6 protein chains.
Amino acid sequence: MTVSPLPLLLIDPMVRNALTEDLGRAGDITTDAIVPADLSARLVLNARQAGVVAGLDCALLAFRLIDPRIEVRVLRPDGSALAPGDVIAEVSGPARGLLTAERVALNFLGHLSGIASATAAITAAIRPHKARVTCTRKTMPGLRALQKYAVRVGGGANHRFGLDDAVLIKDNHIAVAGGIRLAVLRARAAVGHLVKIELEVDSLAQLDEALALGVDAVLLDNMGPDLLRDAVRRVDGRMITEASGRINAETAPAMAATGVDLLSIGWLTHSATVLDIGLDAA
Amino acid sequence: MTVSPLPLLLIDPMVRNALTEDLGRAGDITTDAIVPADLSARLVLNARQAGVVAGLDCALLAFRLIDPRIEVRVLRPDGSALAPGDVIAEVSGPARGLLTAERVALNFLGHLSGIASATAAITAAIRPHKARVTCTRKTMPGLRALQKYAVRVGGGANHRFGLDDAVLIKDNHIAVAGGIRLAVLRARAAVGHLVKIELEVDSLAQLDEALALGVDAVLLDNMGPDLLRDAVRRVDGRMITEASGRINAETAPAMAATGVDLLSIGWLTHSATVLDIGLDAA
Amino acid sequence: MTVSPLPLLLIDPMVRNALTEDLGRAGDITTDAIVPADLSARLVLNARQAGVVAGLDCALLAFRLIDPRIEVRVLRPDGSALAPGDVIAEVSGPARGLLTAERVALNFLGHLSGIASATAAITAAIRPHKARVTCTRKTMPGLRALQKYAVRVGGGANHRFGLDDAVLIKDNHIAVAGGIRLAVLRARAAVGHLVKIELEVDSLAQLDEALALGVDAVLLDNMGPDLLRDAVRRVDGRMITEASGRINAETAPAMAATGVDLLSIGWLTHSATVLDIGLDAA
Amino acid sequence: MTVSPLPLLLIDPMVRNALTEDLGRAGDITTDAIVPADLSARLVLNARQAGVVAGLDCALLAFRLIDPRIEVRVLRPDGSALAPGDVIAEVSGPARGLLTAERVALNFLGHLSGIASATAAITAAIRPHKARVTCTRKTMPGLRALQKYAVRVGGGANHRFGLDDAVLIKDNHIAVAGGIRLAVLRARAAVGHLVKIELEVDSLAQLDEALALGVDAVLLDNMGPDLLRDAVRRVDGRMITEASGRINAETAPAMAATGVDLLSIGWLTHSATVLDIGLDAA
Amino acid sequence: MTVSPLPLLLIDPMVRNALTEDLGRAGDITTDAIVPADLSARLVLNARQAGVVAGLDCALLAFRLIDPRIEVRVLRPDGSALAPGDVIAEVSGPARGLLTAERVALNFLGHLSGIASATAAITAAIRPHKARVTCTRKTMPGLRALQKYAVRVGGGANHRFGLDDAVLIKDNHIAVAGGIRLAVLRARAAVGHLVKIELEVDSLAQLDEALALGVDAVLLDNMGPDLLRDAVRRVDGRMITEASGRINAETAPAMAATGVDLLSIGWLTHSATVLDIGLDAA
Amino acid sequence: MTVSPLPLLLIDPMVRNALTEDLGRAGDITTDAIVPADLSARLVLNARQAGVVAGLDCALLAFRLIDPRIEVRVLRPDGSALAPGDVIAEVSGPARGLLTAERVALNFLGHLSGIASATAAITAAIRPHKARVTCTRKTMPGLRALQKYAVRVGGGANHRFGLDDAVLIKDNHIAVAGGIRLAVLRARAAVGHLVKIELEVDSLAQLDEALALGVDAVLLDNMGPDLLRDAVRRVDGRMITEASGRINAETAPAMAATGVDLLSIGWLTHSATVLDIGLDAA
């Protein structure tokens, strides 16, 4: 399934912001001094590493915002698998604009492709289990919508986008409320009918409470594979099950093998490694 | 030497933006439903991993912007070395505000401390050589000023902040200009007297041209330790020397031993790993 | 249950925007010319009509943003029932600031209290049925978060806040997809595990499809009380049921008597009548 | 006379703001999941109720901002009288964009057409008297320029746009100044030569003071038709006369028959009812 | 008469913008490197030239936005006459903040005091005639509200603040309309009752048309003193008279002696000379 | 050498801001009332005074932002010498848009051309000396990037763009640090390798310290030609030399004759006189 692109209206201010940050008050003084205004060039966005493309819209918008005369041709759209040397897109037009926009374009593309690639890798590692990788709210300030999009591109599923689109009851909330039951009841009374409620549970006893209350999903936190398997069996499809707690490429298969629905992985967005992509001569 | 904090005026819009992104249109629906409005709490920002603190101003501002009644007490300011379990700061006040601001505060603090810690680690690894670690423009869109600050906190030095505050002549520019000499002369004619000029060179032949032209700094790209040592000797202090190209914790000491002035490391900012910091009961 | 206030961070830019719109480029030229700078006054926000208060935070913030020396005292916070003549809050301080902020303060307070009052009225009319009033996305551009808050204050429940926090499959989507089944399956495959899916149905046949697919909620559109009762019975608690289509104070009780869970009413936000509140001498 | 459209520069940020509010962080998840990216459609904005169109520029801009490939054809521009079933405009292009922009487009169009229609209705009711309907500063926060434009489209006249473009001396100002005379003199001394001065008067005695001072306009507040007729006669064209105070469709003709120049009506903007317009298959 | 200060809400974003422009991405690197964080200082804003103060609110806000701990004491508020050496205000607190904010504070204060001083000088030169100096829309982009305020502080009167708060019919409009009469009638029909109409006339024949139409004011453009005197006599108080066209300190007295109401002077705002003010040791 | 234009991305928000400031809430009510919507015109930007063009991009963008149908033809681009009567550019399209954008377009063009012209004049006056004119941070709030660009267009060189792109150590810093040596050492330790350090010196003794420390540039403040010549000789090319202190067209040649590298002139940007340019019939 192809992932739908983010609306231009949402990415436009982020790309403008990044370009403004880089241009400062005087613009690209190196390129302006050295490169003739009437020189044209054709360059390619080039994978130097295997992975999955994400963020091409942002990268290409960076070029077009610097100079609307720059033309783009997409060869491997977001979601494409990349081998080293693969050309992702071609950009052609005034050489000044190409060089000025290069770094911002690559910063978006490398970071988001890094997230998509990591998501795809761990998704592949847990096949053929039904579990899907999901992200968290541990994101880079200001970049959440883009990062979550990159997770989708990599084949992952999105968790909450913010504090307002679903209820996630954690240990602190339970402690304050005086128990799971009161916490869930208060949440259910307060929120609208299209808001789901997920509950973090640390033990099978808590899980039983969750089952009794009928929440939509449980976050099974820091459980090893054995305990997790017990928990998933006990739920038996009556709620969505999500496992969290330092899940990585090595531990994921065993976790996925428990039958859990989702593996929640914070480092996809808070510690993503860039995918190496360059802007090279065509 | 203590690193000066960033002006509040610069970090305020970034923290507001991150909070707005997380609050969405309805705010923290979980906490608002479950936690009584008049409940107070005292929590601590707690290191779960060794490292160096950076970004505490952002984290504490997140709490205060959510509720100005929250009081903060700093125990380990930016630049402090952390051992696991060390308390960085205390936050106390309305429990709702503490829980609502938690994730945004930790997102800033964990990411920036991660950069500072990585910078500090590699800085320690190249002691007693004179070389300093420096960053690049390979930063997260919108977060450059903060990331570069974190590099300073970790003991690193900053490279250009954008396209406008120094000239960096790369291979593309040289090719377009028809040679190093023309590129440098054009740049020198175009920019003000307080702008430095750095030139990327790939060979000793190019280095000789740079020396003849008297640029301020040379970026010695992708040179191994032996070639780099030759280059540094040839410069003999007449220009600043900077090495770049996939430098990591293992290769850095040998690179630093060449006598080069700076080691330029992109992954400090484009692929930083979060430092694990939590918000715990006091 | 008390409704939690919106975060200051969310209402602050809206109130600044409204004040800027009213101040223009020269500010309150009438008051500045006539009222001495050192004159103080004490005024009250006064109900001239029965209803329910909502939006007091916005109104009081308007005064404080114009002059931080203005002090406020809340007598009837958001959610309070008002009789004509009831004092909602006192504002005291520099007379200029009080007069300058008056209109913007009242514009927020009157509009939001109007929404809360209408919601409360129709909520009262359908007691003792279990149905709750809910709002729609038919809101004033830029004011949605505030309007939905006012609905909560009046005892109503919130529907989606935007296009991104829940799936609502309407007739157009069904037509395009080639049927309910494909539409629901595509939606389920695309969205995260914390996103609910609601389906608009116009007939019992469609309702049966919805039941078979197990969506979270059904929007029963334009059904009269008899058909609606049949539909609700058929659902028998297995999904949330919501009725929509020109529901007003007169028709609501009969609709609620069908046992439906929610009555969706667009005019609460798109055609709300102001509640008459004035700023009078204390 | 045709009313001039608002500059695109002024409406563009309002429409972007409304779309951003609706798209949230993930965009239209329903449409993106269900509607194929390459599906095109042609839809019409369709009147379901008689009235007057206003706000078409905003509505069409909403579509074009979501997808610039959407093409629009205007059949009944702002100011056109509408009968139920009349087509206002056609929009054609990518089906996803049409569905995503629909609600925001209709929110602008329905609200502004509602204001224009109400203004037109009351304007028709007071024909053949010379009085014109005028609006107030009792507007929706952030939407004043649009609402005042809709009043013009409906045949009404605009009062002040803010606190800075004319002087309006009310009872509070008079009380503080120690009388009408001092208030007017202070205002006249303070403001520029292109700023008019209007004075609110409650009695014929106050009116005589206003005549003696030669203000530009008087606001005759809360006067019944008889007293108003006396007041208008006494003014005898020497000042502009404006009546205010709970004027509605029933009372307006008698008020207009007094010969007063303007009827000021707050509810046109603070309590407007939406005009029912839909987006239907062409 | 004291001129009322501009609302803080209006100047705050302008001062933030100016500070952000100066701080760039790294802040005041000189001061941060050299001045200890705990050093305090007391400095004074000191007139080095005679003139009139304007813009002190902006200047002091610059200091407080950089460091809220900075305290200010105003000795000569806006509108005060200054002799060389006069202290305008004292600022005390952290030395870093004082030095960092200095240039932005002085840029506002020097520029606005320059405008106020020039306005005051020419106002003094035309005493005892009744004519007042007025400004135009020839202002610095983004600074109009501040510049017009400075004109008021210097004793001048304000012309239009923008294209929307009064009608000014110029030769182009007359030509397009096919004559003065049609232009005035169209304008009168289009605008609200609180909007004045001024007409630019170049000859006594045009002036007679203006008198017959009863506009509010005439702009007598490029008339020498003799023709201007004739024009003013012919108007005889029935309209406001304004003279424009390269009026300066030398020609102003003769122009004012004609009895004209206003002298319109563009260079007050488009070519103002800074007033020399420094930040010195207390 | 042609000066590179500023990126559209940087000037776009400034031009929008200026237009919004002028349009207010209702737009150009004069033109909208009088000029038919379908009338086209062709007008020219016309020099009424000799000088140098700068800011044409801003002026033309103002027209295009008001109405994208307006077409522009540039005859004399930025940097062109102008004689009175020279046509700079042609603008043609809807007459309304041309008149509405006129003032904002001219405000940018006249101001920036004024700066370029003054810079060019003083640059011509100091030929054939090698000294170049340079600007300062004494700029109009919010317009610095544009003003510095205009200085470049006029043949001048740019000093620092802000507090963050170079170190400038002034007397205050030296006093606080306890001497030049400590000040320079602290700065050198704190800033990156691409940041230059300039030191303000008032005497030959201080100059000797600067030479010993090897800073990049010295600002020779308030030195007469004789002392300045001694200073320049003593430096003998080892540092960049810059003279400052009330330099004007009359004193500049003697200052330049000393061999100094740069003449720093604040009034170019803080007290620039507009260049008279009009919008006339083609």
# chains A, B, ... in the order shown; residues from 1 in each chain; ligands from 1
$ closest_atom_pairs --of "chain F" --to "chain D" --cutoff "9 Å" --atoms "only C-alpha atoms" --output "CSV"
residue,atom,partner,partner_atom,distance
F:Arg16,CA,D:Leu9,CA,7.6
F:Leu19,CA,D:Leu9,CA,8.2
F:Thr20,CA,D:Leu10,CA,7.1
F:Leu23,CA,D:Leu10,CA,8.2
F:Gly24,CA,D:Leu10,CA,8.6
F:Arg25,CA,D:Ala145,CA,5.5
F:Ala26,CA,D:Ala145,CA,6.5
F:Gly27,CA,D:Pro7,CA,6.6
F:Asp28,CA,D:Pro7,CA,8.8
F:Ile29,CA,D:Ser4,CA,8.8
F:Asp32,CA,D:Ser4,CA,5.9
F:Ala33,CA,D:Ser4,CA,7.6
F:Ala37,CA,D:Ser4,CA,8.0
F:Leu65,CA,D:Leu9,CA,7.0
F:Ile66,CA,D:Leu9,CA,6.7
F:Asp67,CA,D:Leu8,CA,8.1
$ select_by_dssp --residues "region 178-233 of chain A" --states "strand (DSSP E)" --output "list in words"
Ile197, Glu198, Leu199, Glu200, Val201, Ala217, Val218, Leu219, Leu220 and Asp221 of chain A
$ residues_around --residues "Leu45 (chain E)" --least-positions-apart "4" --cutoff "8 Å" --atoms "only C-alpha atoms" --output "ChimeraX atom specification"
/E:87-91,277-280
$ atom_distance --atom1 "CA of Arg69 (chain E)" --atom2 "CA of Gly93 (chain C)"
24.5 Å
$ residues_around --residues "Gly85 (chain A)" --least-positions-apart "3" --cutoff "9 Å" --atoms "only C-alpha atoms" --output "PyMOL selection string"
chain A and resi 46-50+82
$ residues_around --residues "Arg137 (chain F)" --least-positions-apart "3" --cutoff "12 Å" --atoms "only C-alpha atoms" --output "ChimeraX atom specification"
/E:18-19,21-23,102-107 /F:134,140-145,147-148,158-165,168,264-270
$ residues_around --residues "Thr273 (chain B)" --least-positions-apart "2" --cutoff "10 Å" --atoms "only C-alpha atoms" --output "PyMOL selection string"
(chain A and resi 267+270-273) or (chain B and resi 110-115+117-118+267-271+275-276)
$ write_last_selection --atoms "N, CA and C atoms" --output "PDB file, in the first residue's frame"
ATOM      1  N   TRP A 267      13.387   4.768  19.607  1.00  0.00           N
ATOM      2  CA  TRP A 267      14.598   5.252  18.938  1.00  0.00           C
ATOM      3  C   TRP A 267      14.411   5.479  17.446  1.00  0.00           C
ATOM      4  N   HIS A 270      13.775   9.238  17.961  1.00  0.00           N
ATOM      5  CA  HIS A 270      14.639  10.079  18.808  1.00  0.00           C
ATOM      6  C   HIS A 270      16.128   9.836  18.571  1.00  0.00           C
ATOM      7  N   SER A 271      16.468   8.750  17.930  1.00  0.00           N
ATOM      8  CA  SER A 271      17.887   8.449  17.716  1.00  0.00           C
ATOM      9  C   SER A 271      18.138   7.869  16.331  1.00  0.00           C
ATOM     10  N   ALA A 272      17.389   8.346  15.368  1.00  0.00           N
ATOM     11  CA  ALA A 272      17.536   7.811  14.014  1.00  0.00           C
ATOM     12  C   ALA A 272      18.898   8.158  13.433  1.00  0.00           C
ATOM     13  N   THR A 273      19.429   7.233  12.676  1.00  0.00           N
ATOM     14  CA  THR A 273      20.673   7.484  11.953  1.00  0.00           C
ATOM     15  C   THR A 273      20.337   7.929  10.537  1.00  0.00           C
TER      16      THR A 273
ATOM     17  N   GLY B 110      16.867  15.272  26.238  1.00  0.00           N
ATOM     18  CA  GLY B 110      17.516  14.029  25.829  1.00  0.00           C
ATOM     19  C   GLY B 110      18.308  14.195  24.539  1.00  0.00           C
ATOM     20  N   HIS B 111      17.716  14.903  23.583  1.00  0.00           N
ATOM     21  CA  HIS B 111      18.395  15.067  22.292  1.00  0.00           C
ATOM     22  C   HIS B 111      19.650  15.935  22.452  1.00  0.00           C
ATOM     23  N   LEU B 112      19.511  17.058  23.109  1.00  0.00           N
ATOM     24  CA  LEU B 112      20.660  17.969  23.216  1.00  0.00           C
ATOM     25  C   LEU B 112      21.736  17.394  24.128  1.00  0.00           C
ATOM     26  N   SER B 113      21.324  16.700  25.173  1.00  0.00           N
ATOM     27  CA  SER B 113      22.324  16.042  26.023  1.00  0.00           C
ATOM     28  C   SER B 113      23.011  14.912  25.259  1.00  0.00           C
ATOM     29  N   GLY B 114      22.275  14.279  24.382  1.00  0.00           N
ATOM     30  CA  GLY B 114      22.893  13.243  23.547  1.00  0.00           C
ATOM     31  C   GLY B 114      24.000  13.826  22.677  1.00  0.00           C
ATOM     32  N   ILE B 115      23.746  14.974  22.093  1.00  0.00           N
ATOM     33  CA  ILE B 115      24.777  15.620  21.266  1.00  0.00           C
ATOM     34  C   ILE B 115      25.970  16.044  22.122  1.00  0.00           C
ATOM     35  N   SER B 117      26.922  14.830  24.922  1.00  0.00           N
ATOM     36  CA  SER B 117      27.634  13.665  25.448  1.00  0.00           C
ATOM     37  C   SER B 117      28.526  13.041  24.382  1.00  0.00           C
ATOM     38  N   ALA B 118      28.005  12.944  23.166  1.00  0.00           N
ATOM     39  CA  ALA B 118      28.814  12.374  22.088  1.00  0.00           C
ATOM     40  C   ALA B 118      30.012  13.273  21.796  1.00  0.00           C
ATOM     41  N   TRP B 267      27.962  13.427  12.111  1.00  0.00           N
ATOM     42  CA  TRP B 267      26.943  12.624  12.823  1.00  0.00           C
ATOM     43  C   TRP B 267      26.625  13.151  14.220  1.00  0.00           C
ATOM     44  N   LEU B 268      27.465  14.045  14.736  1.00  0.00           N
ATOM     45  CA  LEU B 268      27.127  14.633  16.040  1.00  0.00           C
ATOM     46  C   LEU B 268      25.725  15.225  16.022  1.00  0.00           C
ATOM     47  N   THR B 269      25.370  15.824  14.898  1.00  0.00           N
ATOM     48  CA  THR B 269      24.062  16.489  14.825  1.00  0.00           C
ATOM     49  C   THR B 269      23.059  15.769  13.932  1.00  0.00           C
ATOM     50  N   HIS B 270      23.525  15.023  12.920  1.00  0.00           N
ATOM     51  CA  HIS B 270      22.520  14.402  12.056  1.00  0.00           C
ATOM     52  C   HIS B 270      22.123  13.008  12.511  1.00  0.00           C
ATOM     53  N   SER B 271      22.883  12.391  13.383  1.00  0.00           N
ATOM     54  CA  SER B 271      22.568  11.031  13.819  1.00  0.00           C
ATOM     55  C   SER B 271      22.819  10.839  15.310  1.00  0.00           C
ATOM     56  N   LEU B 275      20.247  10.910  24.968  1.00  0.00           N
ATOM     57  CA  LEU B 275      20.719  10.515  26.292  1.00  0.00           C
ATOM     58  C   LEU B 275      19.490  10.203  27.122  1.00  0.00           C
ATOM     59  N   ASP B 276      19.505   9.074  27.800  1.00  0.00           N
ATOM     60  CA  ASP B 276      18.308   8.626  28.507  1.00  0.00           C
ATOM     61  C   ASP B 276      18.150   9.391  29.818  1.00  0.00           C
TER      62      ASP B 276
END
$ select_by_dssp --residues "region 134-269 of chain D" --states "helix (DSSP H, G or I)" --output "JSON, numbers by chain"
{"D": [144, 145, 146, 147, 148, 149, 150, 151, 152, 153, 171, 172, 173, 174, 175, 176, 177, 180, 181, 182, 183, 184, 185, 186, 187, 188, 189, 190, 204, 205, 206, 207, 208, 209, 210, 211, 212, 213, 225, 226, 227, 228, 229, 230, 231, 232, 233, 234, 235, 252, 253, 254, 255, 256, 267, 268, 269]}
$ residues_around --residues "Arg181 (chain B)" --least-positions-apart "4" --cutoff "12 Å" --atoms "only C-alpha atoms" --output "number ranges by chain"
A: 34; B: 169, 173-177, 185-188, 199, 206-215
$ atom_distance --atom1 "CA of Leu204 (chain D)" --atom2 "CA of Ala166 (chain D)"
23.4 Å
$ atom_distance --atom1 "CA of Thr100 (chain C)" --atom2 "CA of Ala120 (chain E)"
29.0 Å
$ decode --residues "region 18-54 of chain B" --atoms "C-alpha atoms" --output "JSON list (two decimals), in the first residue's frame"
[["chain", "number", "residue", "atom", "x", "y", "z"],
["B", 18, "ALA", "CA", 7.18, 22.00, 20.25],
["B", 19, "LEU", "CA", 4.51, 22.35, 22.93],
["B", 20, "THR", "CA", 1.90, 23.44, 20.41],
["B", 21, "GLU", "CA", 2.78, 20.45, 18.27],
["B", 22, "ASP", "CA", 2.19, 18.14, 21.23],
["B", 23, "LEU", "CA", -0.90, 19.84, 22.68],
["B", 24, "GLY", "CA", -2.73, 19.85, 19.36],
["B", 25, "ARG", "CA", -6.22, 21.31, 19.57],
["B", 26, "ALA", "CA", -7.41, 19.86, 22.86],
["B", 27, "GLY", "CA", -4.38, 19.64, 25.11],
["B", 28, "ASP", "CA", -3.45, 16.73, 27.39],
["B", 29, "ILE", "CA", -6.77, 14.94, 27.51],
["B", 30, "THR", "CA", -5.44, 12.09, 29.63],
["B", 31, "THR", "CA", -4.00, 14.20, 32.40],
["B", 32, "ASP", "CA", -6.86, 16.68, 32.37],
["B", 33, "ALA", "CA", -9.34, 13.84, 32.82],
["B", 34, "ILE", "CA", -7.53, 11.98, 35.55],
["B", 35, "VAL", "CA", -5.36, 14.33, 37.58],
["B", 36, "PRO", "CA", -7.12, 16.77, 39.92],
["B", 37, "ALA", "CA", -6.47, 20.44, 39.12],
["B", 38, "ASP", "CA", -5.33, 21.17, 42.66],
["B", 39, "LEU", "CA", -2.86, 18.34, 43.05],
["B", 40, "SER", "CA", 0.78, 19.34, 43.47],
["B", 41, "ALA", "CA", 3.85, 17.24, 42.91],
["B", 42, "ARG", "CA", 7.62, 17.40, 43.03],
["B", 43, "LEU", "CA", 9.53, 15.52, 40.38],
["B", 44, "VAL", "CA", 13.13, 15.28, 39.29],
["B", 45, "LEU", "CA", 14.86, 15.13, 35.95],
["B", 46, "ASN", "CA", 17.00, 12.11, 36.43],
["B", 47, "ALA", "CA", 19.94, 10.78, 34.42],
["B", 48, "ARG", "CA", 19.58, 7.10, 33.58],
["B", 49, "GLN", "CA", 22.83, 7.03, 31.73],
["B", 50, "ALA", "CA", 26.24, 8.72, 32.01],
["B", 51, "GLY", "CA", 26.78, 11.77, 29.85],
["B", 52, "VAL", "CA", 26.77, 15.56, 29.76],
["B", 53, "VAL", "CA", 23.70, 17.78, 30.32],
["B", 54, "ALA", "CA", 22.60, 20.19, 27.62]]
